[in-house]
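Working notes, structure below.
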Amino acid sequence: MKQIWILSHYAAGPSYGSALRDWSLARYLQKQGYEVKIFASSFVHNTALNFCGEKQRFAEKDVDGVFFVFVRTGSYVDSGRKRIKNFLEYYVRVLLAGGRYGRPDLIVAAMPSPFACVAAAQLAGRYRVPWIMSVVDLWPESIVTYADYSKYNPLIIGLYQLEKWLYKKADAIVFTWEGAYDYIKDRGWDRAVPKKKCFYINIGVDLNDFYKNREAFHIEDPDLEDETAFKVMYCGSIRTANDIDTVVDCAKELGKRGYEKKIRFLIYGDGPDRAVLEEKCRREGIGNVLFKGFIQKNYIPFAVSKSDLNLLNLKPSSTQRYGNSSNKLFEYFAAGNPVLANIDEGQYPIITKYGCGMVLKDRSVKAYSDAVEAFYHMDQEQRAQYRANALKAAALFDTERLNRRFERIIDRLLGRSEPETAEAWQETKPETETCSPQELRSLQKVTLYLAEYFVEFCREHGLMCYVCGGGCIGAARHQGFIPWDDDLDFFMPRRDYDRLWALWHTHADRRFAISRPMRRRLDHNQYTTVRDRRTTMIKPYQADLDIVHGVGLDIFPLDGLPDSRVKRLTQMGWACLHSLLTTGQIPKRHGRAAAACSRLILKLCSAEWLRTALWQRAEKEMSKYSIESCRYITELCAGPGYMRNRYPKELFASAAWMAFEDTKLPVPVGYDAYLRIAFGDYMELPPEEKRVAQHEAVKVDLEHGCRRYKGIYYDVNTHN
């Protein structure tokens, strides 16, 4: 079992809300079979708690299922000498602690503590293992920005040099800002720190924990339950950097406008500025601001879900132009409420990109007050749209998804994955684009136009096809697209599926391209795809390929399923081999043994001629049972989960035409039984937070073909 050490000065677990990213990553890696230890400071930041007594050097503790080693450090109140002493104590004692817990296979070190990263570099050198630097705060850039230190201060110059040295020494660097490499270039370090070892993985939110805590941890507070007031909420530290003074002034201005009882500001959190601002409210008679104090992390989901508008407030800083990685932002998204921010999103927006709220360029109190007033008067339809967009964005930034990316980087450094595979590319690409409801509707129209052409082509040439999967559910449940989905898939009997290839090349309109696994042309799919050349839709797992990246239809073959159990298992084995060799994707959810075996097969079959010969043999063996000679049929190219489905062939004996949007499309004549076998009770809507599109894209352009984006969004020679 591989052992991973995480050196995180501030980690303390979910009860204290400190460095949760590292605790979440550790918990995820444990589920994947790693042994993980977190080495943290015994003093919990922003509290009076110290896990170590006076005579204890170390304290071992299980924190919500993760093994912690707390290294004894002194307590502090502010950022003075005691805090520096705390840093140095951690550095020295974590090096000593390393000798007590065996030998790691990889080390992760979390910035903003530079001394944790220095310790990681030294421990990695001692044990000759790789290490990853996880950067959640730019030190010393944030000190220069928020603490008014000159960048020419000798101490700051020394910290910059230390930062550069750490970036050079790290085997991989994970930044929480999309534009972090711009920072590297701005510092003039791009030659010393190559882009290929820099990755973007934001902080995100654990949706499973968020919704679970929202149900389990309630706050008894009449102000939260007051339906007569419009609740504007801020959660976080109350200090200079968060500019809560502007929030108080905004509340005062709205009171003057007659909204004192209609709009109420709830401030959750604590910090050095709280007492000053409370005194200001008392002195100036500002009655619509309520300071609620610190609440534990578990209670935040309930609180933010009760608000009508959430605030993301920060003073201007030079670091904002590199992106946004605020913890609270993603919790706001998960709550489904609009966000009002006064930050500069620059080239790397999140709030405006996903349509989750408003970002103010004018930082004046008047502009802030006007924006809050606008949200107060907003109609229900627009608020519902903000809610849908926020939930969709939260799904994209779910920590389960982000931790999978981090694991891919770990696997690469440990030599456990092939960097050239589609999966590796997908897991380390930046966040994919989402689309507004209007854009989604436009995408659906393009997809439907392509589907109508495809269906008519099949009818003209005597080919059987049926809408399947989500499209078939949409036809039965919505008489059209599932409202939050954007694609259509089709089934074809294997005989017609094979004929389609030759007929398309001879008779199809040149506006539409067709692709399937070929001897020298793999597109990371194991099935056929038809694409519209006049559009662009670049999927993340295909962004390394020079192919036609257009809006497409996926076409899956149906194959005969033999009665013999041995023959069925053999057929499934050939199908799994075909999937592995044509897609290059290592299975993630079918056990570590399957993943290890897949890696070995890909390594042994690295020669193109061997890989091609094997997948062609696999395709021949898995499809040799004709539908006519079998009682059941199955789908072998839709993934291991669907290979187990066994459908009576009578369900697909013919096509039934069902209303779909403003046209009709063919579905299996036994569509109800098919859908129940494949999806269970398909007529029941999923939970609201799950109603998000499952098909992502790096770039979507419905007006132009993909060639203009070559070298920019696809076929780019980079791993970042």
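Please note that chains go A, B, ... in the order of the structure tokens, that every chain numbers its residues from 1, and that ligands are numbered from 1 in the order shown.
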
(message) Please list as a ChimeraX atom specification every residue within 6 Å of region 699-708 of chain A, counting only C-alpha atoms and excluding residues in the same chain fewer than 6 positions away.
(response) /A:533-538,549

(message) Using DSSP secondary structure from the backbone, list all alpha helix (DSSP H) positions within region 447-512 of chain A, as a VMD selection string.
(response) chain A and resid 447 to 460 469 to 478 494 to 507

(request) Would you list the contacts of Leu309 (chain A) as a list in words, taking every protein, DNA or RNA residue within 10 Å and counting only C-alpha atoms, but skipping same-chain residues closer than 3 positions in sequence? (result)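 Near neighbours after the sequence-gap exclusion: Phe230, Lys231, Val232, Met233, Tyr234, Phe265, Val304, Ser305, Lys306, Tyr332, Gly336, Asn337, Pro338, Val339, Leu340, Gly357, Val372, Phe375 and Tyr376 of chain A.
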
Dump of C-alpha atoms for the selected residues, as a PDB file, in the first residue's frame:
ATOM      1  CA  PHE A 230     -34.672  39.835   2.426  1.00  0.00           C
ATOM      2  CA  LYS A 231     -31.566  38.240   3.952  1.00  0.00           C
ATOM      3  CA  VAL A 232     -28.134  39.328   2.677  1.00  0.00           C
ATOM      4  CA  MET A 233     -25.429  37.112   4.172  1.00  0.00           C
ATOM      5  CA  TYR A 234     -21.679  37.199   4.550  1.00  0.00           C
ATOM      6  CA  PHE A 265     -27.573  41.874   6.646  1.00  0.00           C
ATOM      7  CA  VAL A 304     -26.074  30.074   3.699  1.00  0.00           C
ATOM      8  CA  SER A 305     -29.029  28.122   2.350  1.00  0.00           C
ATOM      9  CA  LYS A 306     -31.360  30.388   4.334  1.00  0.00           C
ATOM     10  CA  TYR A 332     -22.596  29.810  -1.893  1.00  0.00           C
ATOM     11  CA  GLY A 336     -28.124  27.762  -4.892  1.00  0.00           C
ATOM     12  CA  ASN A 337     -28.239  31.476  -4.072  1.00  0.00           C
ATOM     13  CA  PRO A 338     -26.985  34.366  -6.223  1.00  0.00           C
ATOM     14  CA  VAL A 339     -23.648  35.948  -5.322  1.00  0.00           C
ATOM     15  CA  LEU A 340     -22.806  39.652  -5.180  1.00  0.00           C
ATOM     16  CA  GLY A 357     -24.463  36.470  -9.735  1.00  0.00           C
ATOM     17  CA  VAL A 372     -28.507  44.776  -3.412  1.00  0.00           C
ATOM     18  CA  PHE A 375     -31.567  41.693  -6.242  1.00  0.00           C
ATOM     19  CA  TYR A 376     -34.341  42.581  -3.797  1.00  0.00           C
TER      20      TYR A 376
END

(message) Can you pull out the residues contacting Ile203 (chain A)? Cut-off 10 Å, using only C-alpha atoms, and skip same-chain residues under 4 positions away; I want them as a list in words.
(response)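 So the residues in contact are Ala19, Leu20, Arg21, Asp22, Val136, Phe175, Thr176, Trp177, Asn324, Ser325, Ser326, Asn327, Lys328, Leu329, Phe330, Phe397, Asp398, Thr399, Leu402 and Asn403 of chain A.
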
(request) In Å, rounded to a single decimal, give me how far CA of Gly346 (chain A) is from CA of Tyr167 (chain A). (result) 24.5 Å

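The environment of Arg103 (chain A) within 10 Å, counting only C-alpha atoms and disregarding residues fewer than 3 places along the same chain, consists of Lys2, Gln3, Ile4, Trp5, Gly98, Gly99, Arg100, Leu106, Leu123, Ala124, Arg126, Tyr127, Arg128 and Val129 of chain A.
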
Selection above as a file: N, CA and C atoms, as a compact mmCIF listing (two decimals), in the first residue's frame:
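Contents of the output file result-v4.txt:
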# COMPACT_ATOMS: atom_id res chain seq x y z
N LYS A 2 0.66 2.13 -0.96
CA LYS A 2 1.45 3.35 -1.07
C LYS A 2 1.11 4.31 0.08
N GLN A 3 2.18 4.92 0.65
CA GLN A 3 1.98 5.83 1.78
C GLN A 3 2.22 7.27 1.34
N ILE A 4 1.28 8.13 1.67
CA ILE A 4 1.38 9.55 1.31
C ILE A 4 1.35 10.38 2.59
N TRP A 5 2.31 11.30 2.68
CA TRP A 5 2.31 12.26 3.78
C TRP A 5 1.83 13.61 3.25
N GLY A 98 9.19 13.01 11.08
CA GLY A 98 9.29 12.16 9.90
C GLY A 98 9.94 10.82 10.18
N GLY A 99 10.93 10.80 11.09
CA GLY A 99 11.64 9.56 11.37
C GLY A 99 10.84 8.55 12.17
N ARG A 100 9.70 8.95 12.70
CA ARG A 100 8.89 8.07 13.55
C ARG A 100 7.85 7.26 12.78
N LEU A 106 5.28 9.40 -1.37
CA LEU A 106 5.08 10.72 -1.97
C LEU A 106 4.67 11.68 -0.86
N LEU A 123 12.46 16.42 3.28
CA LEU A 123 12.06 15.03 3.52
C LEU A 123 12.04 14.24 2.22
N ALA A 124 11.57 14.88 1.13
CA ALA A 124 11.56 14.20 -0.17
C ALA A 124 12.98 13.86 -0.61
N ARG A 126 15.48 13.37 1.49
CA ARG A 126 15.97 12.34 2.41
C ARG A 126 15.52 10.95 1.97
N TYR A 127 14.24 10.84 1.57
CA TYR A 127 13.68 9.53 1.23
C TYR A 127 13.70 9.25 -0.28
N ARG A 128 14.19 10.22 -1.06
CA ARG A 128 14.25 10.08 -2.52
C ARG A 128 12.88 9.76 -3.11
N VAL A 129 11.90 10.59 -2.76
CA VAL A 129 10.53 10.43 -3.25
C VAL A 129 10.08 11.75 -3.86

(request) May I ask which of the residues A:Phe291, A:Phe490, A:Tyr714, A:Phe652 is the closest one to Pro540 (chain A), counting only C-alpha atoms? (result)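 For Pro540 (chain A), the nearest of the candidates is A:Tyr714.
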
(request) Would you kindly return, as a PyMOL selection string, each protein, DNA or RNA residue with an atom no farther than 8 Å from any atom of Lys361 (chain A), considering only C-alpha atoms and excluding same-chain residues fewer than 6 positions away? (result) chain A and resi 342-344

Please produce a file of those selected residues containing N, CA and C atoms, as a CSV table (one decimal), in the first residue's frame.
chain,number,residue,atom,x,y,z
A,342,ASN,N,-17.5,42.1,-5.0
A,342,ASN,CA,-16.9,43.4,-5.4
A,342,ASN,C,-15.4,43.2,-5.7
A,343,ILE,N,-15.1,42.0,-6.4
A,343,ILE,CA,-13.8,41.7,-6.7
A,343,ILE,C,-13.5,41.9,-8.2
A,344,ASP,N,-12.3,41.9,-8.6
A,344,ASP,CA,-11.9,42.0,-10.0
A,344,ASP,C,-11.7,40.6,-10.6

For Arg93 (chain A), please output as a PDB file with C-alpha atoms, in the first residue's frame all residues within 9 Å (counting only C-alpha atoms; exclusion window: fewer than 6 positions along the same chain).
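Listing of selection_5.pdb after writing:
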ATOM      1  CA  ARG A  57       6.134  16.632  21.287  1.00  0.00           C
ATOM      2  CA  PHE A  58       3.494  14.982  19.099  1.00  0.00           C
ATOM      3  CA  VAL A  71       3.320  18.587  15.921  1.00  0.00           C
ATOM      4  CA  ARG A  72       3.621  20.702  19.074  1.00  0.00           C
ATOM      5  CA  THR A  73       3.765  24.422  18.311  1.00  0.00           C
TER       6      THR A  73
END

(message) Can you pull out every residue from region 66-290 of chain A that DSSP, working from the backbone, puts in strand (DSSP E), and format the result as a VMD selection string?
(response) chain A and resid 66 to 71 106 to 111 131 to 135 172 to 175 198 to 200 230 to 235 263 to 268 289 to 290
